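S.K.: Okay, handing you the structure first.
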Amino acid sequence: MASQEVLREAPSRASLINDPKVRSIFYQCLVVALLVSGVWWIVHNTIVNLTNLHIASGFGFLKGRAGFDISDTPIAYTSDSTYGRAIIVGLINTLIVAFVGIITATIIGFVVGIGRLSKNWLIQKICTVYVEVFRNIPPLLVIFFWYSGVLAVLPTPKESIHLPFGSFLNQRGIYFPRAIWGDGSWLILVGLLVGIAMSWFVAQKAKQRQMATGQQFPVFWTSLALIVGLPLLAYVLSGFPVTFDFPKQSTFNLSGGFVVKPEFLSLYLALSFYTAAFISEIVRAGIRGVAKGQSEASAALGLRSGQALRLVVVPQAMRIVIPPLASQYLNLTKNSSLAIAIGYPDLTATTGTVLNQTGQAVECVVIMMVIYLTISILTSLLMNWFNAKMALVER
Amino acid sequence: MGKRIRVCLKNREKGLWVMKHIAIGILGAATLGLMASAASATTLDTVKAKGFIQCGVSTGLAGFSAPDDKGDWQGIDADFCRAVAAAVFGDGTKVKFTPLSAKERFTALQSGEVDILSRNTTWTINRDTALGLNFVGVTYYDGQGFMINAKKLPGVNSALQLSGAAVCVQSGTTTELNLADYFKANKMEYNPVVFEKLEEVNAAYDAGRCDVYTTDQSGLYGIRLTLASPADHVVLPEIISKEPLGPAVRQGDDQWYHIVKWTYFALLQAEELGITKANVDEMKNSPSPEIKRVLGQEADTKIGTDLGVSNDWVVNIVKAVGNYGELFDRNVGSGSPLKIARGINALWTKGGLQYAPPIR
């Protein structure tokens, strides 16, 4: 018995240094310790240096009065608001441009990606040229192209181009009439929501019926009628409560109405067109990645090529497309910080102004990094969830 | 880090400077983080060891700091750095310039990237305290004004008529804050069009993106010269703020602060005593005890060495850049395209505000 115990212990004592498990734990602990002490050293040094340089630190400055104005304010903001609110205004501007940019880039990207696979020679070549041009130009130049090359050469406010429905286009942006919601206009919103809910219901029912009986139902036209018709009906029934504030010529600019400024427009268009070029390549790769037998099989089943694409090929291509698509969405969001070059008040621009007015460089850079990181991680999580939902379900 | 941006930025591709913009805050923060925590050598020692002064200037403002056609920096602010170099090394050419945007300037000084910030910067209490800077004096008394295109806007002759206008302004400046205050106080509306780079503001104003350009009046006169048709533009009479522009150094190094401050006073004192670039050598033999003292000709003088420089520091300064009056005339006054009158920037003896404590 005793000799057996000795035998059991002896090899483990000898191999403690050579034990792969112990070694791996040791090295992992070492790396973590080095990392933590490195970060601590930098943080400690920063604090000591800031104190030595008599620079105020901490996040208390966020409650101070900003004192500067911002050109695009999606939420109420004046020069009396706080620095913190100025940063939030910038964040919302970033989110707005990223959100609409992602939607537009996705739509253009899918259209162009499918277009590149078209059998029509002209469509295919146009799409190829588009992709090669936008993919090979730095995004900043695309932004400058839209800002200085397209929007800045539009006429002055006094010579505005008249567009339909009382809209105007000039070098200061696009001016739309702004709707003024009078009493009872809540009915229109209710009508819209009911329309959307009913369309969804109809679509579900139609799907069930098709599954059960094979009969189809014109879902698209019904939905369109519901979504447009119900709010319109509400508008008429509530006695035309909506009036419009049309843009009018004033001393300097057009006043009134709703303005989309050229800074936003050029950033939005540039990011959309630039990212769409990459998305279209991803879409093309995804579609090419679906085995040829799939489209041949659907043709054999009697599906038209459009149906085959929509019902058979694209759903399978999505599994290949989504992961790289997520990276493109992250790229677009991060590229929106190039807004600074043309004066769109995004997160980088407003936080940069706050940085300069307060001198709180370290704090402001930390805030920016944390916010961009958060946006990116949330986007990734959302795309991972979507990917998991679209993944092939094994039966 | 200094070498990174020494080249005239106008000639570079725009992409580079925007990348730099985004990087500068991070780099600045990183520099603050990575600077040795032990008490470092004094600025004077560091400057002497490296053999030149790193001077933070603007990215190009005519009359203050702008590269000429040979790439040499010209202007009051650039010359002030040369004056400091002359005081320290006896040679006004031992300066290297770092062009900085309004946003980058304080971080660059705080982190030690530049030794002096001589970049048309307004002296405010916030910058003197919370930002950890020390302003040494006022090299140019300025005030904020407005410029409009009179051809496009006939009938506008006062800033009080500007309600509803689109106003171009540079971000991160006191100008931006004064603008907000002025329109608010006068119950007027405006659309800010804000850029980070001076060149971008100029381009936007010239292209008609905004109706009004606002910055310090001296700046407006300089910028007007660079526009497509300068004659069309007028500077409105209103001055809406005090903008005392001057050089700044880091807090915590009194010796360096004194050298830079007394360089400024020496420029003024030289003008007051009539010492010019041309006559400085003759003046050394002047019978006046005051002139002799200022020029370090007094027996056993310790004025220069107590400051940390040589006793003939004032001679070196004047030989390098002239006195304050010469510096002013050459860069923004009658000898320059800007033709700005001395006004309140005249010496106190001539009814202006420029006044130096005695050098004794």
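In the structure tokens, chains take letters A, B, ... by order of appearance, with residues numbered from 1 within each chain and ligands from 1 in the order shown.
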Compile the contact shell of Ala206 in chain A as JSON, numbers by chain: residues with an atom at most 10 Å away, counting only C-alpha atoms, same-chain residues fewer than 5 positions apart removed.

M.R.: {"A": [200, 201, 211, 212, 214, 215, 216, 217, 218, 219]}

S.K.: Do you know which residues are at most 12 Å from Ile125 in chain B counting only C-alpha atoms, after dropping those on the same chain fewer than 2 positions away, and could you put them as a compact mmCIF listing (two decimals) with N, CA and C atoms, in the first residue's frame?

M.R.:
# COMPACT_ATOMS: atom_id res chain seq x y z
N THR A 358 -12.97 72.53 -22.84
CA THR A 358 -12.71 72.22 -21.43
C THR A 358 -11.27 71.80 -21.20
N THR B 122 -6.50 83.16 -27.41
CA THR B 122 -7.05 84.13 -26.47
C THR B 122 -6.79 83.72 -25.02
N TRP B 123 -6.36 84.69 -24.25
CA TRP B 123 -6.08 84.48 -22.83
C TRP B 123 -7.41 84.51 -22.07
N ARG B 127 -8.43 78.86 -19.37
CA ARG B 127 -7.20 78.31 -19.95
C ARG B 127 -6.03 78.49 -19.00
N ASP B 128 -6.05 79.57 -18.22
CA ASP B 128 -4.96 79.83 -17.29
C ASP B 128 -5.02 78.89 -16.09
N THR B 129 -6.22 78.42 -15.75
CA THR B 129 -6.36 77.60 -14.54
C THR B 129 -6.60 76.14 -14.88
N ALA B 130 -7.81 75.82 -15.34
CA ALA B 130 -8.18 74.41 -15.51
C ALA B 130 -7.35 73.70 -16.57
N LEU B 131 -6.87 74.44 -17.58
CA LEU B 131 -6.12 73.80 -18.66
C LEU B 131 -4.64 73.65 -18.35
N GLY B 132 -4.21 74.24 -17.24
CA GLY B 132 -2.81 74.07 -16.84
C GLY B 132 -1.84 74.85 -17.69
N LEU B 133 -2.29 76.01 -18.22
CA LEU B 133 -1.40 76.84 -19.03
C LEU B 133 -1.03 78.10 -18.26
N ASN B 134 0.03 78.77 -18.70
CA ASN B 134 0.35 80.09 -18.20
C ASN B 134 0.53 81.01 -19.39
N PHE B 135 -0.35 82.00 -19.51
CA PHE B 135 -0.18 82.98 -20.58
C PHE B 135 0.85 84.00 -20.13
N THR B 174 -12.74 80.51 -28.65
CA THR B 174 -13.57 81.44 -27.88
C THR B 174 -14.56 82.12 -28.82
N PRO B 244 -7.62 89.10 -26.17
CA PRO B 244 -6.19 89.32 -25.97
C PRO B 244 -5.41 88.08 -26.39

S.K.: Kindly determine which residues of chain A lie within 7 Å of chain B, considering only C-alpha atoms, and give the answer as a PyMOL selection string.

M.R.: chain A and resi 42-43+45-46+48-49+53-56+67-71+79+140+152+171-172+252-253+341-343+353+356-357+359+361-362+365

S.K.: Could you turn the residues from that selection into a file that holds N, CA and C atoms, as an mmCIF file, in the first residue's frame?

M.R.:
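The new file out_13.cif reads:
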data_model
loop_
_atom_site.group_PDB
_atom_site.id
_atom_site.type_symbol
_atom_site.label_atom_id
_atom_site.label_comp_id
_atom_site.auth_asym_id
_atom_site.auth_seq_id
_atom_site.Cartn_x
_atom_site.Cartn_y
_atom_site.Cartn_z
ATOM 1 N N ILE A 42 -0.192 52.846 -16.646
ATOM 2 C CA ILE A 42 -0.569 53.953 -17.536
ATOM 3 C C ILE A 42 -1.570 54.874 -16.836
ATOM 4 N N VAL A 43 -2.581 54.263 -16.205
ATOM 5 C CA VAL A 43 -3.609 55.073 -15.542
ATOM 6 C C VAL A 43 -2.986 55.896 -14.420
ATOM 7 N N ASN A 45 0.139 56.806 -14.027
ATOM 8 C CA ASN A 45 1.013 57.829 -14.601
ATOM 9 C C ASN A 45 0.221 59.025 -15.103
ATOM 10 N N THR A 46 -0.889 58.704 -15.802
ATOM 11 C CA THR A 46 -1.721 59.777 -16.338
ATOM 12 C C THR A 46 -2.217 60.670 -15.218
ATOM 13 N N VAL A 48 -1.015 61.061 -12.194
ATOM 14 C CA VAL A 48 0.087 61.807 -11.570
ATOM 15 C C VAL A 48 0.501 62.981 -12.458
ATOM 16 N N ASN A 49 0.636 62.700 -13.765
ATOM 17 C CA ASN A 49 1.065 63.769 -14.676
ATOM 18 C C ASN A 49 0.050 64.889 -14.766
ATOM 19 N N LEU A 53 0.752 68.723 -13.842
ATOM 20 C CA LEU A 53 0.573 69.798 -14.817
ATOM 21 C C LEU A 53 -0.551 70.745 -14.416
ATOM 22 N N HIS A 54 -1.128 70.510 -13.251
ATOM 23 C CA HIS A 54 -2.222 71.345 -12.742
ATOM 24 C C HIS A 54 -3.407 71.357 -13.696
ATOM 25 N N ILE A 55 -3.682 70.233 -14.321
ATOM 26 C CA ILE A 55 -4.845 70.142 -15.194
ATOM 27 C C ILE A 55 -5.969 69.484 -14.405
ATOM 28 N N ALA A 56 -7.117 70.148 -14.383
ATOM 29 C CA ALA A 56 -8.254 69.584 -13.666
ATOM 30 C C ALA A 56 -8.651 68.274 -14.331
ATOM 31 N N GLY A 67 -22.106 76.476 -23.880
ATOM 32 C CA GLY A 67 -21.789 77.808 -24.399
ATOM 33 C C GLY A 67 -21.627 77.873 -25.907
ATOM 34 N N PHE A 68 -21.556 76.752 -26.594
ATOM 35 C CA PHE A 68 -21.472 76.793 -28.055
ATOM 36 C C PHE A 68 -22.725 76.180 -28.667
ATOM 37 N N ASP A 69 -23.003 76.556 -29.906
ATOM 38 C CA ASP A 69 -24.191 76.039 -30.580
ATOM 39 C C ASP A 69 -23.812 74.900 -31.510
ATOM 40 N N ILE A 70 -24.790 74.067 -31.818
ATOM 41 C CA ILE A 70 -24.571 72.936 -32.719
ATOM 42 C C ILE A 70 -25.561 73.085 -33.871
ATOM 43 N N SER A 71 -25.097 72.799 -35.094
ATOM 44 C CA SER A 71 -25.960 73.071 -36.244
ATOM 45 C C SER A 71 -27.111 72.072 -36.366
ATOM 46 N N SER A 79 -27.121 76.857 -26.330
ATOM 47 C CA SER A 79 -25.797 77.070 -25.746
ATOM 48 C C SER A 79 -25.852 77.010 -24.219
ATOM 49 N N LEU A 140 -12.948 59.236 -47.346
ATOM 50 C CA LEU A 140 -12.885 60.687 -47.137
ATOM 51 C C LEU A 140 -13.027 61.442 -48.454
ATOM 52 N N ALA A 152 -21.790 71.667 -53.143
ATOM 53 C CA ALA A 152 -21.337 73.060 -53.026
ATOM 54 C C ALA A 152 -21.545 73.844 -54.307
ATOM 55 N N GLN A 171 -27.449 75.379 -52.285
ATOM 56 C CA GLN A 171 -26.180 74.937 -51.685
ATOM 57 C C GLN A 171 -26.248 74.843 -50.159
ATOM 58 N N ARG A 172 -27.354 75.309 -49.561
ATOM 59 C CA ARG A 172 -27.498 75.179 -48.109
ATOM 60 C C ARG A 172 -28.339 73.962 -47.739
ATOM 61 N N PHE A 252 -31.509 86.161 -45.684
ATOM 62 C CA PHE A 252 -30.284 85.399 -45.889
ATOM 63 C C PHE A 252 -30.545 84.041 -46.540
ATOM 64 N N ASN A 253 -31.467 83.312 -45.941
ATOM 65 C CA ASN A 253 -31.709 81.934 -46.380
ATOM 66 C C ASN A 253 -33.169 81.771 -46.727
ATOM 67 N N ALA A 341 -14.503 66.293 -41.101
ATOM 68 C CA ALA A 341 -13.860 67.020 -42.199
ATOM 69 C C ALA A 341 -14.807 68.000 -42.876
ATOM 70 N N ILE A 342 -16.112 67.734 -42.792
ATOM 71 C CA ILE A 342 -17.048 68.626 -43.473
ATOM 72 C C ILE A 342 -17.970 69.317 -42.482
ATOM 73 N N GLY A 343 -17.719 69.157 -41.201
ATOM 74 C CA GLY A 343 -18.467 69.938 -40.226
ATOM 75 C C GLY A 343 -19.847 69.406 -39.886
ATOM 76 N N THR A 353 -15.039 69.302 -29.802
ATOM 77 C CA THR A 353 -15.241 70.688 -29.386
ATOM 78 C C THR A 353 -15.271 70.782 -27.859
ATOM 79 N N ASN A 356 -11.848 70.602 -26.519
ATOM 80 C CA ASN A 356 -11.069 71.827 -26.637
ATOM 81 C C ASN A 356 -11.556 72.928 -25.715
ATOM 82 N N GLN A 357 -12.884 73.013 -25.542
ATOM 83 C CA GLN A 357 -13.390 74.079 -24.670
ATOM 84 C C GLN A 357 -13.058 73.806 -23.211
ATOM 85 N N GLY A 359 -10.585 71.344 -22.236
ATOM 86 C CA GLY A 359 -9.218 70.864 -22.077
ATOM 87 C C GLY A 359 -9.132 69.483 -21.444
ATOM 88 N N ALA A 361 -8.748 66.374 -22.196
ATOM 89 C CA ALA A 361 -8.416 65.488 -23.315
ATOM 90 C C ALA A 361 -8.628 64.023 -22.962
ATOM 91 N N VAL A 362 -8.077 63.596 -21.844
ATOM 92 C CA VAL A 362 -8.121 62.176 -21.502
ATOM 93 C C VAL A 362 -9.565 61.722 -21.327
ATOM 94 N N VAL A 365 -11.510 61.627 -24.722
ATOM 95 C CA VAL A 365 -11.116 60.514 -25.584
ATOM 96 C C VAL A 365 -11.663 59.206 -25.017
#

S.K.: Step one, run DSSP on the backbone; step two, keep only residues of range 5-186 of chain B assigned to alpha helix (DSSP H); then write them as a PyMOL selection string.

M.R.: chain B and resi 14-34+43-50+76-89+105-110+125-129+174-185

S.K.: Tell me which of B:Pro358, B:Pro230, B:Gly352, B:Gly333 sits closest to Ala270 in chain B, counting only C-alpha atoms.

M.R.: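 The shortest atom-to-atom distance to Ala270 in chain B comes from B:Pro358.
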
S.K.: Residues near Asp346 in chain A, anyone? I mean within 8 Å using only C-alpha atoms, not counting same-chain ones fewer than 6 positions away, as JSON, numbers by chain.

M.R.: {"A": [89, 90, 91, 92, 93, 94, 336, 337, 339, 340]}

S.K.: Those same residues - all heavy atoms - I'd like them written as a short mmCIF file (atom, residue, chain, number, x, y, z; two decimals), in the first residue's frame.

M.R.:
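So the final result, stored in out_37.cif, reads:
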data_model
loop_
_atom_site.label_atom_id
_atom_site.label_comp_id
_atom_site.auth_asym_id
_atom_site.auth_seq_id
_atom_site.Cartn_x
_atom_site.Cartn_y
_atom_site.Cartn_z
N VAL A 89 -26.03 64.93 -28.10
CA VAL A 89 -26.48 65.40 -29.41
C VAL A 89 -25.59 64.80 -30.50
O VAL A 89 -26.07 64.29 -31.51
CB VAL A 89 -26.46 66.95 -29.47
CG1 VAL A 89 -26.66 67.42 -30.90
CG2 VAL A 89 -27.54 67.53 -28.58
N GLY A 90 -24.28 64.84 -30.27
CA GLY A 90 -23.34 64.27 -31.23
C GLY A 90 -23.57 62.79 -31.42
O GLY A 90 -23.57 62.28 -32.55
N LEU A 91 -23.80 62.09 -30.30
CA LEU A 91 -24.04 60.64 -30.38
C LEU A 91 -25.28 60.35 -31.22
O LEU A 91 -25.25 59.47 -32.09
CB LEU A 91 -24.21 60.08 -28.95
CG LEU A 91 -24.73 58.66 -28.85
CD1 LEU A 91 -23.76 57.68 -29.48
CD2 LEU A 91 -24.98 58.27 -27.40
N ILE A 92 -26.36 61.11 -30.98
CA ILE A 92 -27.59 60.87 -31.73
C ILE A 92 -27.36 61.15 -33.21
O ILE A 92 -27.81 60.39 -34.07
CB ILE A 92 -28.75 61.72 -31.17
CG1 ILE A 92 -29.07 61.25 -29.75
CG2 ILE A 92 -29.98 61.60 -32.05
CD1 ILE A 92 -30.10 62.08 -29.04
N ASN A 93 -26.61 62.22 -33.52
CA ASN A 93 -26.31 62.51 -34.93
C ASN A 93 -25.54 61.36 -35.57
O ASN A 93 -25.80 60.98 -36.71
CB ASN A 93 -25.50 63.80 -35.04
CG ASN A 93 -26.40 65.02 -34.96
OD1 ASN A 93 -27.56 64.98 -35.32
ND2 ASN A 93 -25.85 66.11 -34.47
N THR A 94 -24.58 60.80 -34.83
CA THR A 94 -23.83 59.64 -35.34
C THR A 94 -24.78 58.47 -35.60
O THR A 94 -24.72 57.83 -36.65
CB THR A 94 -22.75 59.22 -34.33
OG1 THR A 94 -21.76 60.23 -34.29
CG2 THR A 94 -22.10 57.91 -34.72
N SER A 336 -18.24 57.06 -40.01
CA SER A 336 -19.03 58.28 -39.87
C SER A 336 -18.26 59.33 -39.08
O SER A 336 -18.60 60.50 -39.13
CB SER A 336 -20.37 57.97 -39.20
OG SER A 336 -20.17 57.68 -37.84
N SER A 337 -17.20 58.94 -38.39
CA SER A 337 -16.40 59.94 -37.67
C SER A 337 -15.63 60.84 -38.63
O SER A 337 -15.10 61.87 -38.22
CB SER A 337 -15.45 59.26 -36.70
OG SER A 337 -14.54 58.46 -37.41
N ALA A 339 -16.99 62.65 -40.52
CA ALA A 339 -17.87 63.82 -40.58
C ALA A 339 -17.13 65.09 -40.20
O ALA A 339 -17.46 66.18 -40.65
CB ALA A 339 -19.04 63.62 -39.63
N ILE A 340 -16.13 64.95 -39.36
CA ILE A 340 -15.39 66.09 -38.85
C ILE A 340 -14.81 66.94 -39.98
O ILE A 340 -14.68 68.15 -39.86
CB ILE A 340 -14.31 65.59 -37.89
CG1 ILE A 340 -13.88 66.70 -36.95
CG2 ILE A 340 -13.13 65.01 -38.60
CD1 ILE A 340 -13.19 66.19 -35.74
#

S.K.: Using only C-alpha atoms, determine which residues lie at most 8 Å from Ala85 in chain B, disregarding the query and same-chain residues fewer than 5 positions distant; provide the list as a PyMOL selection string.

M.R.: chain B and resi 52-53+90-95

S.K.: Could you save the residues just selected, with C-alpha atoms, as a CSV table (one decimal), in the first residue's frame?

M.R.:
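out.csv, written as the output of this step:
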chain,number,residue,atom,x,y,z
B,52,PHE,CA,16.0,74.2,-30.7
B,53,ILE,CA,12.6,75.4,-29.5
B,90,GLY,CA,21.6,83.8,-29.3
B,91,ASP,CA,20.3,82.6,-32.7
B,92,GLY,CA,16.7,83.3,-33.9
B,93,THR,CA,16.7,80.5,-36.4
B,94,LYS,CA,16.8,77.7,-33.8
B,95,VAL,CA,13.1,77.2,-33.9

S.K.: Hey, can you check how far CA of Lys339 in chain B sits from CA of Gly325 in chain B?

M.R.: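 Spanning CA of Lys339 in chain B to CA of Gly325 in chain B is a straight-line distance of 13.5 Å.
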
S.K.: Could you state the separation of CA of Gln255 in chain B and CA of Gly51 in chain B in Å, given to one decimal place?

M.R.: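 Value for the CA of Gln255 in chain B-CA of Gly51 in chain B distance: 17.6 Å.
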
S.K.: Would you mind telling me which residue in A:Val314, A:Val259, A:Val242, A:Leu30 lies nearest to Phe176 in chain A when using only C-alpha atoms?

M.R.: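 Distance minimum relative to Phe176 in chain A lands on A:Val259.
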
S.K.: Fewer than 3 positions away in the same chain doesn't count, so skip those; otherwise give me all residues within 6 Å of range 275-291 of chain B, counting only C-alpha atoms, as a list in words.

M.R.: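 So, after excluding close chain neighbours, the residues are Ala270, Glu271, Val294, Val318, Lys319, Gly322 and Asn323 of chain B.
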
S.K.: Keeping only all heavy atoms, write the selected residues as a PDB file, in the first residue's frame.

M.R.:
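See out21.pdb below for the written result:
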ATOM      1  N   ALA B 270      12.486  97.520 -25.880  1.00  0.00           N
ATOM      2  CA  ALA B 270      13.370  97.938 -26.970  1.00  0.00           C
ATOM      3  C   ALA B 270      12.695  99.011 -27.811  1.00  0.00           C
ATOM      4  O   ALA B 270      13.311 100.015 -28.170  1.00  0.00           O
ATOM      5  CB  ALA B 270      13.735  96.741 -27.836  1.00  0.00           C
ATOM      6  N   GLU B 271      11.393  98.815 -28.086  1.00  0.00           N
ATOM      7  CA  GLU B 271      10.698  99.831 -28.873  1.00  0.00           C
ATOM      8  C   GLU B 271      10.622 101.148 -28.101  1.00  0.00           C
ATOM      9  O   GLU B 271      10.848 102.226 -28.644  1.00  0.00           O
ATOM     10  CB  GLU B 271       9.288  99.369 -29.246  1.00  0.00           C
ATOM     11  CG  GLU B 271       8.651 100.362 -30.213  1.00  0.00           C
ATOM     12  CD  GLU B 271       7.195 100.062 -30.550  1.00  0.00           C
ATOM     13  OE1 GLU B 271       6.631  99.120 -29.975  1.00  0.00           O
ATOM     14  OE2 GLU B 271       6.643 100.787 -31.383  1.00  0.00           O
ATOM     15  N   VAL B 294      19.580  97.613 -20.138  1.00  0.00           N
ATOM     16  CA  VAL B 294      18.713  96.704 -20.901  1.00  0.00           C
ATOM     17  C   VAL B 294      19.554  95.855 -21.856  1.00  0.00           C
ATOM     18  O   VAL B 294      19.311  94.648 -22.016  1.00  0.00           O
ATOM     19  CB  VAL B 294      17.647  97.506 -21.675  1.00  0.00           C
ATOM     20  CG1 VAL B 294      16.967  96.641 -22.724  1.00  0.00           C
ATOM     21  CG2 VAL B 294      16.623  98.060 -20.707  1.00  0.00           C
ATOM     22  N   VAL B 318      16.703  91.593 -30.373  1.00  0.00           N
ATOM     23  CA  VAL B 318      16.468  92.679 -31.327  1.00  0.00           C
ATOM     24  C   VAL B 318      17.184  92.398 -32.647  1.00  0.00           C
ATOM     25  O   VAL B 318      16.657  92.685 -33.726  1.00  0.00           O
ATOM     26  CB  VAL B 318      16.888  94.028 -30.713  1.00  0.00           C
ATOM     27  CG1 VAL B 318      16.725  95.152 -31.722  1.00  0.00           C
ATOM     28  CG2 VAL B 318      16.068  94.321 -29.471  1.00  0.00           C
ATOM     29  N   LYS B 319      18.379  91.822 -32.561  1.00  0.00           N
ATOM     30  CA  LYS B 319      19.091  91.482 -33.803  1.00  0.00           C
ATOM     31  C   LYS B 319      18.304  90.459 -34.626  1.00  0.00           C
ATOM     32  O   LYS B 319      18.319  90.480 -35.858  1.00  0.00           O
ATOM     33  CB  LYS B 319      20.471  90.896 -33.474  1.00  0.00           C
ATOM     34  CG  LYS B 319      21.551  91.952 -33.377  1.00  0.00           C
ATOM     35  CD  LYS B 319      22.894  91.299 -33.249  1.00  0.00           C
ATOM     36  CE  LYS B 319      23.975  92.341 -33.087  1.00  0.00           C
ATOM     37  NZ  LYS B 319      25.244  91.735 -32.642  1.00  0.00           N
ATOM     38  N   GLY B 322      14.017  92.346 -34.386  1.00  0.00           N
ATOM     39  CA  GLY B 322      13.684  93.758 -34.219  1.00  0.00           C
ATOM     40  C   GLY B 322      12.901  93.965 -32.946  1.00  0.00           C
ATOM     41  O   GLY B 322      12.704  93.032 -32.170  1.00  0.00           O
ATOM     42  N   ASN B 323      12.455  95.226 -32.720  1.00  0.00           N
ATOM     43  CA  ASN B 323      11.638  95.463 -31.531  1.00  0.00           C
ATOM     44  C   ASN B 323      10.171  95.185 -31.838  1.00  0.00           C
ATOM     45  O   ASN B 323       9.822  94.818 -32.966  1.00  0.00           O
ATOM     46  CB  ASN B 323      11.870  96.874 -30.988  1.00  0.00           C
ATOM     47  CG  ASN B 323      11.434  97.952 -31.974  1.00  0.00           C
ATOM     48  OD1 ASN B 323      10.445  97.788 -32.680  1.00  0.00           O
ATOM     49  ND2 ASN B 323      12.201  99.034 -32.042  1.00  0.00           N
TER      50      ASN B 323
END

S.K.: How many Å separate CA of Phe146 in chain B from CA of Val235 in chain B?

M.R.: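 Spanning CA of Phe146 in chain B to CA of Val235 in chain B is a straight-line distance of 5.7 Å.
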
S.K.: Looking at B:Ala150, B:Leu220, B:Leu307, B:Val167, which one is nearest to Ile340 in chain B, with distances taken over only C-alpha atoms?

M.R.: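 Checking each candidate against Ile340 in chain B, we get B:Leu220 as the closest.
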
S.K.: What's the 8 Å shell around Ser238 in chain A, counting only C-alpha atoms, without same-chain residues fewer than 6 positions away, as a list in words?

M.R.: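 Contacts, in chain order: Gly184, Ser185 and Leu187 of chain A.
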
S.K.: Go through B:His258, B:Lys292, B:Lys302, B:Arg119 and flag the residue nearest Leu273 in chain B, using only C-alpha atoms for the distances.

M.R.: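 Once distances to Leu273 in chain B are computed over only C-alpha atoms, the minimum belongs to B:Lys292.
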
S.K.: Write out as a PyMOL selection string which residues come within 8 Å of Ile196 in chain A when counting only C-alpha atoms, dropping same-chain ones fewer than 4 positions away.

M.R.: chain A and resi 192+200+223+226-227
